[in-house]
Protein chains: 4
Amino acid sequence: MPKILLTGFQAYAGSHINPAAEVVRALDGAEIGRGVVRGLHLPVMLDTARDLLEQAIAEIRPDLVLSVGQWPGEPVIRVERFAVNKTSFEIPDELGQRPSDQLVDETGPVARAASVPVAKIVDALLEKGIPARTSDTAGTFLCNTILYRALGACERLGNGALCGFVHVPYLPEQAAKIIRDLKAEGKLELHQRADLASMSLDMMTVAVRTAITITLED
Amino acid sequence: MPKILLTGFQAYAGSHINPAAEVVRALDGAEIGRGVVRGLHLPVMLDTARDLLEQAIAEIRPDLVLSVGQWPGEPVIRVERFAVNKTSFEIPDELGQRPSDQLVDETGPVARAASVPVAKIVDALLEKGIPARTSDTAGTFLCNTILYRALGACERLGNGALCGFVHVPYLPEQAAKIIRDLKAEGKLELHQRADLASMSLDMMTVAVRTAITITLED
Amino acid sequence: MPKILLTGFQAYAGSHINPAAEVVRALDGAEIGRGVVRGLHLPVMLDTARDLLEQAIAEIRPDLVLSVGQWPGEPVIRVERFAVNKTSFEIPDELGQRPSDQLVDETGPVARAASVPVAKIVDALLEKGIPARTSDTAGTFLCNTILYRALGACERLGNGALCGFVHVPYLPEQAAKIIRDLKAEGKLELHQRADLASMSLDMMTVAVRTAITITLED
Amino acid sequence: MPKILLTGFQAYAGSHINPAAEVVRALDGAEIGRGVVRGLHLPVMLDTARDLLEQAIAEIRPDLVLSVGQWPGEPVIRVERFAVNKTSFEIPDELGQRPSDQLVDETGPVARAASVPVAKIVDALLEKGIPARTSDTAGTFLCNTILYRALGACERLGNGALCGFVHVPYLPEQAAKIIRDLKAEGKLELHQRADLASMSLDMMTVAVRTAITITLED
């Protein structure tokens with residue numbers, strides 16, 4: 001019976017919600033395929049997130065590690081192909097840290113490839129009517145770090161565990177809040193914003209569930 | 001008991017679905033506020049759509065005419081402030097007509113202002129967590145023509161009927177189909193597309209229902 | 001010998017430069033077609049800009065009033081078709097005023113149509129290899145007010161003067177400064193920004209010169 | 001005296017021009033820093049481009065290999081940080097080839113890191129008022145293949161040669177042609193297009209020259 005570790009980041013940067021955390025909440029304990037989902041919420045703090053992830057992988061010895069993060073402005077589900085050995089934050093994390101042009105792992109390779117079947121997942125999502133695409137960059141913020149670290153930890157575990165990362169759009173209520181805040185502050189013109197696309201939590205949850213199913217069946 | 005005429009366009013330009021038609025289907029016959037919704041599907045054919053609209057307004061003598069259309073790529077609900085006296089199609093309608101730089105009405109004014117409470121509707125949507133904004137252009141395709149014509153017909157009716165227009169994003173399944181088609185055809189790179197944002201039918205339907213409620217209460 | 005009044009807004013909202021002002025500086029005094037350009041810089045202050053414009057029109061009695069403004073994030077030259085009777089600022093002007101949902105002119109029509117040959121200008125620009133498009137909204141900030149007011153003033157003048165408005169993208173140095181500032185502040189992620197497109201001052205100047213030439217020849 | 005190999009792709013996908021080829025034409029033979037630029041035009045044909053590149057590197061034994069490609073719709077100069085071991089074309093190359101999910105090099109690592117000083121180049125460009133950013137993906141089309149191959153070839157050469165890749169926006173005339181074609185064909189609405197941003201050839205050429213200077217000085 002396969003063990004599935006599903007991680008999602010908590011709210012950050014002044015937002016009160018993170019769709020990644022909500023998806024994890026929705027699927028924690030769910031039976032998918034022949035496996036059971038173990039949900040893990042990660043704070044948007046570089047060191048803590050990494051440590052919690054690596055401890056969970058060591059303890060649970062999962063067969064699949066799927067991580068979820070939000071990508072502001074992205075209109076579709078993005079399934080990541082790669083994690084790179086680079087940590088360079090455009091905005092500070094929740095502890096105020098903002099590393100620039102640093103390595104994720106001093107002794108690791110330039111990049112690691114996600115080991116879930118990315119193209120099959122995207123095709124399955126599109127078939128279900130869920131907008132999705134493969135992505136060649138998970139950025140250089142925490143999402144990338146977590147995927148890079150998960151891949152490394154599973155490699156060391158040596159049990160053939162698969163790792164992947166799914167980026168989700170904003171929830172509609174987040175886009176609505178951005179507009180409300182901008183209207184209140186008179187700070188930015190709406191037509192300059194590229195982060196107003198959103199997706200329902202239901203659709204995101206089906207997408208992540210589908211990614212797990214396709215990976216277990218593969 | 002107020003009579004509500006709700007119009008929505010049918011599928012066009014090779015698409016098999018139009019969210020505007022689906023919203024009308026979902027709300028046809030619904031009681032909203034103290035009124036009942038009469039749904040009207042309009043084909044994307046310039047003359048036919050105009051004639052059907054004007055006949056329905058003459059027969060039903062509605063207190064509120066709300067029209068719904070899709071705006072490809074738009075990430076949020078758009079409530080229109082104006083309709084202009086201009087018909088200029090970037091793409092042909094379903095009869096292959098493609099008027100350029102023509103008037104909607106030879107004897108009409110340069111523009112007409114939507115008479116529903118646009119700002120209140122947008123605020124109510126944002127309050128509910130539905131991404132929305134006011135818009136200063138309904139384009140120069142059929143959506144604009146229908147709003148311009150509805151405003152003119154209601155003015156002639158002289159019963160103080162209010163008119164408005166709501167633009168909705170694509171449904172997720174439409175964005176998914178665009179991606180599937182592009183992948184199959186190898187014609188365009190995804191990063192060149194600006195029409196991948198979408199919204200659930202449920203949220204669109206709540207948005208249009210809210211626009212009706214706010215207008216009737218105003 | 002036709003008199004050409006060319007207006008352009010000064011820098012605002014913390015920016016040190018406005019391409020509209022630069023284009024006016026570049027063309028002030030130029031002979032275009034059979035006419036001479038009179039440049040007028042307008043501050044981004046609602047009442048002052050309006051008064052300066054109307055005084056200049058009354059004194060100069062121009063045959064053509066062409067106004068230029070920047071549209072943050074717009075990648076191409078936009079030639080406006082309409083000005084609407086609505087003043088609703090998303091951001092405050094340089095005096096801190098932020099009118100909401102007000103009329104430009106209590107006694108004016110819902111909208112006025114630009115009287116320059118918009119479609120011909122766009123075609124001429126495209127023919128020269130300058131990216132351009134017609135636009136159906138000049139927004140509800142000062143640009144719209146100035147076009148609406150210029151059309152009204154020329155109508156009252158009764159000499160058949162033509163009026164138009166050209167929106168220009170950012171200059172490259174403005175986009176570069178936005179990125180530098182965002183990097184320094186760690187406030188916003190670049191992928192959320194939709195205002196990084198720009199155009200060279202030379203190309204903007206040729207575009208505005210062409211708009212004048214086409215209008216005078218029409 | 002350092003030898004600089006500057007490569008740029010030729011026109012493809014029905015376009016009559018490629019800014020990358022124009023930048024190479026503009027800088028071929030130029031003395032930059034203490035070096036001389038050897039320009040190399042590469043066809044958008046997977047095998048031929050790779051072979052021409054590797055032959056040139058073997059023959060010239062350059063100290064710096066800088067490659068240039070266009071990224072449709074990108075509004076700024078992008079300096080690439082990584083090349084990945086993945087070839088997956090969204091559109092066919094000029095020989096009609098469209099590999100999907102293949103490796104660039106059967107025996108190569110998951111990714112290679114560009115060895116030019118990416119962050120310094122971007123800072124220098126921004127300082128000059130040229131919009132620019134670092135990028136974490138060069139895609140999976142030919143641009144990525146060429147950077148991956150150049151890095152591999154220089155590694156084998158063992159002379160410490162540096163390699164980098166600069167993505168440039170469209171030229172204005174390309175964006176103008178896209179709009180002209182869409183208007184003629186009535187196929188797509190302009191507001192759905194995300195590829196209308198452009199940059200002048202002069203600015204691109206300064207950008208690439210600056211990238212070379214900064215790398216040689218580093």
# chains A, B, ... in the order shown; residues from 1 in each chain; ligands from 1
>>> closest_atom_pairs(of="chain B", to="chain A", cutoff="9 Å", atoms="only C-alpha atoms", output="JSON lines")
{"residue": "B:Glu74", "atom": "CA", "partner": "A:Ala197", "partner_atom": "CA", "distance": 8.2}
{"residue": "B:Pro75", "atom": "CA", "partner": "A:Ala197", "partner_atom": "CA", "distance": 4.7}
{"residue": "B:Val76", "atom": "CA", "partner": "A:Leu196", "partner_atom": "CA", "distance": 7.0}
{"residue": "B:Asp123", "atom": "CA", "partner": "A:Arg180", "partner_atom": "CA", "distance": 8.2}
{"residue": "B:Leu125", "atom": "CA", "partner": "A:Ala176", "partner_atom": "CA", "distance": 8.3}
{"residue": "B:Leu126", "atom": "CA", "partner": "A:Ala176", "partner_atom": "CA", "distance": 5.2}
{"residue": "B:Glu127", "atom": "CA", "partner": "A:Ala176", "partner_atom": "CA", "distance": 7.8}
{"residue": "B:Lys128", "atom": "CA", "partner": "A:Glu173", "partner_atom": "CA", "distance": 7.9}
{"residue": "B:Gly129", "atom": "CA", "partner": "A:Glu173", "partner_atom": "CA", "distance": 4.2}
{"residue": "B:Ile130", "atom": "CA", "partner": "A:Ala176", "partner_atom": "CA", "distance": 5.6}
{"residue": "B:Pro131", "atom": "CA", "partner": "A:Ala176", "partner_atom": "CA", "distance": 4.1}
{"residue": "B:Ala132", "atom": "CA", "partner": "A:Ala176", "partner_atom": "CA", "distance": 6.9}
{"residue": "B:Arg133", "atom": "CA", "partner": "A:Ile179", "partner_atom": "CA", "distance": 8.0}
{"residue": "B:Pro172", "atom": "CA", "partner": "A:Ile130", "partner_atom": "CA", "distance": 5.9}
{"residue": "B:Glu173", "atom": "CA", "partner": "A:Gly129", "partner_atom": "CA", "distance": 4.2}
{"residue": "B:Gln174", "atom": "CA", "partner": "A:Gly129", "partner_atom": "CA", "distance": 7.5}
{"residue": "B:Ala175", "atom": "CA", "partner": "A:Pro131", "partner_atom": "CA", "distance": 5.6}
{"residue": "B:Ala176", "atom": "CA", "partner": "A:Pro131", "partner_atom": "CA", "distance": 4.1}
{"residue": "B:Lys177", "atom": "CA", "partner": "A:Gly129", "partner_atom": "CA", "distance": 7.1}
{"residue": "B:Ile178", "atom": "CA", "partner": "A:Pro131", "partner_atom": "CA", "distance": 8.8}
{"residue": "B:Ile179", "atom": "CA", "partner": "A:Pro131", "partner_atom": "CA", "distance": 7.4}
{"residue": "B:Arg180", "atom": "CA", "partner": "A:Leu126", "partner_atom": "CA", "distance": 6.7}
{"residue": "B:Leu190", "atom": "CA", "partner": "A:Arg133", "partner_atom": "CA", "distance": 8.6}
{"residue": "B:Asp195", "atom": "CA", "partner": "A:Pro75", "partner_atom": "CA", "distance": 9.0}
{"residue": "B:Leu196", "atom": "CA", "partner": "A:Pro75", "partner_atom": "CA", "distance": 6.0}
{"residue": "B:Ala197", "atom": "CA", "partner": "A:Pro75", "partner_atom": "CA", "distance": 4.7}
{"residue": "B:Ser198", "atom": "CA", "partner": "A:Met199", "partner_atom": "CA", "distance": 7.1}
{"residue": "B:Met199", "atom": "CA", "partner": "A:Met199", "partner_atom": "CA", "distance": 6.3}
{"residue": "B:Ser200", "atom": "CA", "partner": "A:Ser200", "partner_atom": "CA", "distance": 6.7}
{"residue": "B:Met203", "atom": "CA", "partner": "A:Ser200", "partner_atom": "CA", "distance": 8.7}
>>> residues_around(residues="range 36-43 of chain A", least_positions_apart="6", cutoff="9 Å", atoms="only C-alpha atoms", output="PyMOL selection string")
chain A and resi 1-12+20-21+24-25+27-30+49-50+52-53+56+60+94
>>> write_last_selection(atoms="N, CA and C atoms", output="short mmCIF file (atom, residue, chain, number, x, y, z; two decimals), in the first residue's frame")
data_model
loop_
_atom_site.label_atom_id
_atom_site.label_comp_id
_atom_site.auth_asym_id
_atom_site.auth_seq_id
_atom_site.Cartn_x
_atom_site.Cartn_y
_atom_site.Cartn_z
N MET A 1 0.84 -1.19 0.00
CA MET A 1 0.00 0.00 0.00
C MET A 1 0.88 1.25 0.00
N PRO A 2 0.87 1.99 -1.11
CA PRO A 2 1.80 3.12 -1.26
C PRO A 2 1.49 4.26 -0.30
N LYS A 3 2.56 4.85 0.23
CA LYS A 3 2.42 6.00 1.13
C LYS A 3 2.67 7.29 0.34
N ILE A 4 1.74 8.21 0.46
CA ILE A 4 1.80 9.45 -0.31
C ILE A 4 2.01 10.62 0.64
N LEU A 5 3.12 11.34 0.45
CA LEU A 5 3.34 12.56 1.24
C LEU A 5 2.97 13.75 0.37
N LEU A 6 1.98 14.51 0.83
CA LEU A 6 1.51 15.67 0.07
C LEU A 6 1.82 16.93 0.87
N THR A 7 2.70 17.78 0.35
CA THR A 7 3.04 19.00 1.09
C THR A 7 2.45 20.23 0.41
N GLY A 8 2.15 21.23 1.25
CA GLY A 8 1.62 22.49 0.71
C GLY A 8 2.06 23.64 1.61
N PHE A 9 2.38 24.77 1.00
CA PHE A 9 2.86 25.90 1.80
C PHE A 9 1.72 26.63 2.48
N GLN A 10 2.05 27.22 3.62
CA GLN A 10 1.10 28.06 4.34
C GLN A 10 1.08 29.47 3.75
N ALA A 11 0.14 30.27 4.21
CA ALA A 11 0.02 31.64 3.72
C ALA A 11 1.31 32.43 3.97
N TYR A 12 1.60 33.38 3.09
CA TYR A 12 2.81 34.19 3.24
C TYR A 12 2.59 35.55 2.59
N ALA A 20 -2.35 26.23 -1.81
CA ALA A 20 -1.58 25.00 -1.63
C ALA A 20 -1.94 24.35 -0.30
N ALA A 21 -2.03 25.15 0.76
CA ALA A 21 -2.39 24.62 2.07
C ALA A 21 -3.82 24.08 2.05
N VAL A 24 -3.97 20.66 0.41
CA VAL A 24 -3.45 19.63 1.32
C VAL A 24 -4.49 19.30 2.39
N ARG A 25 -5.14 20.33 2.93
CA ARG A 25 -6.20 20.11 3.91
C ARG A 25 -7.31 19.24 3.31
N LEU A 27 -7.15 17.04 0.97
CA LEU A 27 -6.78 15.67 0.58
C LEU A 27 -6.11 14.87 1.70
N ASP A 28 -5.84 15.53 2.83
CA ASP A 28 -5.16 14.83 3.93
C ASP A 28 -6.03 13.65 4.39
N GLY A 29 -5.45 12.47 4.38
CA GLY A 29 -6.19 11.29 4.83
C GLY A 29 -6.95 10.58 3.72
N ALA A 30 -7.04 11.21 2.57
CA ALA A 30 -7.80 10.61 1.46
C ALA A 30 -7.12 9.35 0.95
N ALA A 49 11.10 24.88 6.51
CA ALA A 49 10.38 24.11 5.50
C ALA A 49 11.22 22.92 5.05
N ARG A 50 12.49 23.20 4.81
CA ARG A 50 13.40 22.15 4.36
C ARG A 50 13.53 21.06 5.41
N LEU A 52 11.46 20.28 7.97
CA LEU A 52 10.20 19.54 8.14
C LEU A 52 10.02 18.53 7.01
N LEU A 53 10.33 18.96 5.80
CA LEU A 53 10.18 18.08 4.64
C LEU A 53 11.10 16.86 4.78
N ALA A 56 10.01 14.45 7.49
CA ALA A 56 8.81 13.69 7.10
C ALA A 56 9.19 12.58 6.12
N ILE A 60 8.41 8.86 7.21
CA ILE A 60 7.30 8.20 6.52
C ILE A 60 7.80 7.23 5.45
N GLU A 94 9.00 34.38 5.33
CA GLU A 94 8.28 34.84 6.53
C GLU A 94 9.21 35.18 7.69
#
>>> select_by_dssp(residues="range 12-204 of chain C", states="strand (DSSP E or B)", output="PyMOL selection string")
chain C and resi 31-32+35-42+64-70+77-80+82-84+87+102+111-113+132-135+162-168+170+193+198
>>> write_last_selection(atoms="C-alpha atoms", output="PDB file, in the first residue's frame")
ATOM      1  CA  GLU C  31       6.849  71.618 -39.495  1.00  0.00           C
ATOM      2  CA  ILE C  32       4.659  68.651 -40.343  1.00  0.00           C
ATOM      3  CA  GLY C  35       1.592  72.982 -40.465  1.00  0.00           C
ATOM      4  CA  VAL C  36       3.679  73.942 -37.462  1.00  0.00           C
ATOM      5  CA  VAL C  37       3.484  72.148 -34.131  1.00  0.00           C
ATOM      6  CA  ARG C  38       2.778  74.089 -30.945  1.00  0.00           C
ATOM      7  CA  GLY C  39       3.779  71.904 -28.005  1.00  0.00           C
ATOM      8  CA  LEU C  40       1.954  72.141 -24.679  1.00  0.00           C
ATOM      9  CA  HIS C  41       3.002  70.292 -21.524  1.00  0.00           C
ATOM     10  CA  LEU C  42       0.139  69.519 -19.171  1.00  0.00           C
ATOM     11  CA  LEU C  64      -5.720  69.896 -35.087  1.00  0.00           C
ATOM     12  CA  VAL C  65      -5.419  69.040 -31.398  1.00  0.00           C
ATOM     13  CA  LEU C  66      -3.455  65.856 -30.797  1.00  0.00           C
ATOM     14  CA  SER C  67      -2.841  64.758 -27.239  1.00  0.00           C
ATOM     15  CA  VAL C  68      -0.360  62.180 -26.021  1.00  0.00           C
ATOM     16  CA  GLY C  69      -0.345  60.171 -22.796  1.00  0.00           C
ATOM     17  CA  GLN C  70       1.365  57.051 -21.518  1.00  0.00           C
ATOM     18  CA  ILE C  77       0.838  52.646 -29.943  1.00  0.00           C
ATOM     19  CA  ARG C  78      -2.896  53.024 -29.198  1.00  0.00           C
ATOM     20  CA  VAL C  79      -5.009  55.467 -31.145  1.00  0.00           C
ATOM     21  CA  GLU C  80      -8.175  56.271 -29.232  1.00  0.00           C
ATOM     22  CA  PHE C  82     -13.656  57.621 -27.901  1.00  0.00           C
ATOM     23  CA  ALA C  83     -13.657  59.815 -24.813  1.00  0.00           C
ATOM     24  CA  VAL C  84     -16.375  59.192 -22.239  1.00  0.00           C
ATOM     25  CA  THR C  87     -13.845  60.810 -14.407  1.00  0.00           C
ATOM     26  CA  GLN C 102     -17.922  61.778 -11.658  1.00  0.00           C
ATOM     27  CA  ALA C 111     -19.166  60.158 -25.035  1.00  0.00           C
ATOM     28  CA  ARG C 112     -17.483  61.972 -27.890  1.00  0.00           C
ATOM     29  CA  ALA C 113     -15.791  60.292 -30.835  1.00  0.00           C
ATOM     30  CA  ALA C 132      -0.221  50.007 -33.244  1.00  0.00           C
ATOM     31  CA  ARG C 133      -3.897  49.404 -32.664  1.00  0.00           C
ATOM     32  CA  THR C 134      -7.170  51.241 -32.343  1.00  0.00           C
ATOM     33  CA  SER C 135      -8.483  51.453 -28.799  1.00  0.00           C
ATOM     34  CA  LEU C 162      -9.974  67.742 -35.478  1.00  0.00           C
ATOM     35  CA  CYS C 163      -9.025  66.107 -32.177  1.00  0.00           C
ATOM     36  CA  GLY C 164      -7.320  62.855 -31.325  1.00  0.00           C
ATOM     37  CA  PHE C 165      -5.421  61.036 -28.616  1.00  0.00           C
ATOM     38  CA  VAL C 166      -2.428  58.727 -28.863  1.00  0.00           C
ATOM     39  CA  HIS C 167      -1.431  56.470 -25.974  1.00  0.00           C
ATOM     40  CA  VAL C 168       2.237  55.453 -25.907  1.00  0.00           C
ATOM     41  CA  TYR C 170       6.650  53.231 -21.379  1.00  0.00           C
ATOM     42  CA  ARG C 193       4.070  42.598 -13.456  1.00  0.00           C
ATOM     43  CA  SER C 198       8.354  49.596 -23.706  1.00  0.00           C
TER      44      SER C 198
END
>>> residues_around(residues="Leu95 in chain B", least_positions_apart="4", cutoff="9 Å", atoms="only C-alpha atoms", output="MDAnalysis selection string")
chainID B and resid 44:46
>>> atom_distance(atom1="CA of Cys143 in chain C", atom2="CA of Lys86 in chain C")
11.3 Å
>>> atom_distance(atom1="CA of Glu22 in chain C", atom2="CA of Trp71 in chain C")
14.4 Å
>>> atom_distance(atom1="CA of Thr215 in chain C", atom2="CA of Tyr148 in chain C")
18.4 Å
>>> select_by_dssp(residues="range 20-218 of chain D", states="helix (DSSP H, G or I)", output="MDAnalysis selection string")
chainID D and resid 20:27 46:60 118:127 142:157 172:185 190:192 201:217
>>> closest_residue(among="C:Arg61, C:His16, C:Arg81, C:His191", to="Glu155 in chain C", atoms="only C-alpha atoms")
C:Arg61
>>> decode(residues="range 73-86 of chain B", atoms="N, CA, C and O atoms", output="short mmCIF file (atom, residue, chain, number, x, y, z; two decimals), in the first residue's frame")
data_model
loop_
_atom_site.label_atom_id
_atom_site.label_comp_id
_atom_site.auth_asym_id
_atom_site.auth_seq_id
_atom_site.Cartn_x
_atom_site.Cartn_y
_atom_site.Cartn_z
N GLY B 73 -9.79 35.46 -22.49
CA GLY B 73 -8.56 35.85 -21.82
C GLY B 73 -8.77 36.68 -20.56
O GLY B 73 -7.87 36.79 -19.74
N GLU B 74 -9.94 37.28 -20.44
CA GLU B 74 -10.23 38.09 -19.25
C GLU B 74 -10.20 37.19 -18.01
O GLU B 74 -10.83 36.14 -17.99
N PRO B 75 -9.45 37.59 -16.96
CA PRO B 75 -9.40 36.73 -15.78
C PRO B 75 -10.51 36.97 -14.76
O PRO B 75 -10.68 36.18 -13.85
N VAL B 76 -11.25 38.09 -14.90
CA VAL B 76 -12.25 38.44 -13.88
C VAL B 76 -13.59 38.81 -14.53
O VAL B 76 -13.67 38.99 -15.73
N ILE B 77 -14.62 38.91 -13.70
CA ILE B 77 -15.92 39.41 -14.16
C ILE B 77 -15.77 40.90 -14.50
O ILE B 77 -15.20 41.66 -13.71
N ARG B 78 -16.26 41.29 -15.64
CA ARG B 78 -16.21 42.70 -16.06
C ARG B 78 -17.61 43.25 -16.17
O ARG B 78 -18.41 42.73 -16.94
N VAL B 79 -17.88 44.32 -15.47
CA VAL B 79 -19.19 44.95 -15.60
C VAL B 79 -19.01 46.21 -16.43
O VAL B 79 -18.20 47.08 -16.11
N GLU B 80 -19.72 46.27 -17.54
CA GLU B 80 -19.49 47.33 -18.52
C GLU B 80 -20.18 48.63 -18.14
O GLU B 80 -21.32 48.63 -17.67
N ARG B 81 -19.49 49.72 -18.37
CA ARG B 81 -20.04 51.05 -18.11
C ARG B 81 -20.68 51.68 -19.35
O ARG B 81 -21.54 52.54 -19.24
N PHE B 82 -20.19 51.31 -20.54
CA PHE B 82 -20.60 52.01 -21.76
C PHE B 82 -20.82 51.07 -22.94
O PHE B 82 -20.19 50.01 -23.02
N ALA B 83 -21.68 51.49 -23.84
CA ALA B 83 -21.76 50.88 -25.17
C ALA B 83 -21.57 52.01 -26.17
O ALA B 83 -22.12 53.11 -25.98
N VAL B 84 -20.77 51.77 -27.20
CA VAL B 84 -20.49 52.83 -28.17
C VAL B 84 -21.19 52.56 -29.50
O VAL B 84 -21.51 51.41 -29.83
N ASN B 85 -21.41 53.61 -30.25
CA ASN B 85 -22.10 53.51 -31.54
C ASN B 85 -21.11 53.12 -32.63
O ASN B 85 -20.85 53.89 -33.56
N LYS B 86 -20.56 51.95 -32.48
CA LYS B 86 -19.52 51.49 -33.42
C LYS B 86 -19.60 49.97 -33.54
O LYS B 86 -19.63 49.26 -32.53
#
